[in-house]
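Following: one structure in structure tokens, then a few remarks.
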Amino acid sequence: MANTLVKVWNDNSLEHIETFKGQEIKIPAHGYVTMNRHEAVEFKSQFKSPVFLKGGVPDPAHKKMIRVEPINDDKIEETQAPDDFDCQKCGFVAKSAAGLKSHIRANHLQSVADSELRKELSQEA
Ligand SMILES: [Zn+2]
């Protein structure tokens, strides 16, 4: 059943563009593409770098909102969707954007690549 096709929906109101296995996947806003099931599950769980707003908060408008829907009656093994405020470095789940920010500040400040963001985070400490 490895070649079973499924629909991969983009539930966001922005076009979803993501590189997957060296290929650019484009899914229109509230639209879908078809993939084989195995690839779809992998694609859905693949981490996509968030787009940060000025305050260093991940932009919810760019959140990956992928939903896999079977075309046949096959059940899809759902992988857990990422939480809104989970740490991309260690998986810590914060309850708010501010909580995530202070978590990053406390744990990952040195590994924040964006120097502007790092500066901003350290100023608030
Ligand atoms: Zn972390």
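Naming works like this for the structure tokens: A, B, ... for the chains as they're shown, residue 1 at the start of each chain, ligands 1 onward in shown order.
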Using backbone DSSP assignments, extract all strand (DSSP E) residues from region 10-121 of chain A; output them as a VMD selection string.
chain A and resid 10 16 to 20 23 to 27 32 to 36 66 to 70
Dump C-alpha atoms for the selected residues as a PDB file, in the first residue's frame?
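The result, written out as selection12.pdb:
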ATOM      1  CA  ASN A  10      -2.671  23.465   3.226  1.00  0.00           C
ATOM      2  CA  HIS A  16       2.656  26.858   1.382  1.00  0.00           C
ATOM      3  CA  ILE A  17       6.095  26.560  -0.201  1.00  0.00           C
ATOM      4  CA  GLU A  18       8.557  24.105   1.233  1.00  0.00           C
ATOM      5  CA  THR A  19      11.521  22.171  -0.055  1.00  0.00           C
ATOM      6  CA  PHE A  20      11.035  18.467   0.454  1.00  0.00           C
ATOM      7  CA  GLN A  23      11.948  19.431  -4.604  1.00  0.00           C
ATOM      8  CA  GLU A  24       9.936  22.572  -4.102  1.00  0.00           C
ATOM      9  CA  ILE A  25       6.432  21.699  -2.984  1.00  0.00           C
ATOM     10  CA  LYS A  26       3.823  24.401  -3.508  1.00  0.00           C
ATOM     11  CA  ILE A  27       0.356  24.020  -2.069  1.00  0.00           C
ATOM     12  CA  TYR A  32      -4.128  20.478  -1.742  1.00  0.00           C
ATOM     13  CA  VAL A  33      -1.670  18.407  -3.703  1.00  0.00           C
ATOM     14  CA  THR A  34      -1.571  14.653  -3.921  1.00  0.00           C
ATOM     15  CA  MET A  35       1.369  12.601  -2.691  1.00  0.00           C
ATOM     16  CA  ASN A  36       1.866   9.023  -1.815  1.00  0.00           C
ATOM     17  CA  ILE A  66      -0.616  20.681   6.725  1.00  0.00           C
ATOM     18  CA  ARG A  67      -3.382  18.115   6.911  1.00  0.00           C
ATOM     19  CA  VAL A  68      -3.262  14.719   5.305  1.00  0.00           C
ATOM     20  CA  GLU A  69      -6.528  13.289   4.074  1.00  0.00           C
ATOM     21  CA  PRO A  70      -6.950   9.830   2.647  1.00  0.00           C
TER      22      PRO A  70
END
Check which residues fall inside 12 Å of ligand 1 when counting only C-alpha atoms and all ligand atoms, and print them as a list in words.
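Residues satisfying the distance criterion: Phe85, Asp86, Cys87, Gln88, Lys89, Cys90, Gly91, Phe92, Val93, Ala94, Gly99, Leu100, Lys101, Ser102, His103, Ile104, Arg105, Ala106, Asn107, His108, Leu109, Gln110, Ser111 and Val112 of chain A.
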Taking into account only C-alpha atoms, which residue in the set A:Lys95, A:His30, A:Lys119, A:Lys48 is nearest to Lys63 (chain A)?
A:Lys48
Step one, run DSSP on the backbone; step two, keep only residues of region 17-82 of chain A assigned to helix (DSSP H, G or I); then write them as a VMD selection string.
chain A and resid 37 to 45 60 to 62
Considering only C-alpha atoms, state which residue in the set A:Thr4, A:Phe43, A:Trp9, A:Gly55 is at the smallest distance from Gly22 (chain A).
A:Phe43
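With only C-alpha atoms as the atoms that count, the minimum distance from Met65 (chain A) to the choices A:Gln46, A:Asn12, A:Ser122, A:Ser96 is reached by A:Asn12.
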note - CA of Ser49 (chain A) and CA of His62 (chain A) are separated by 9.6 Å
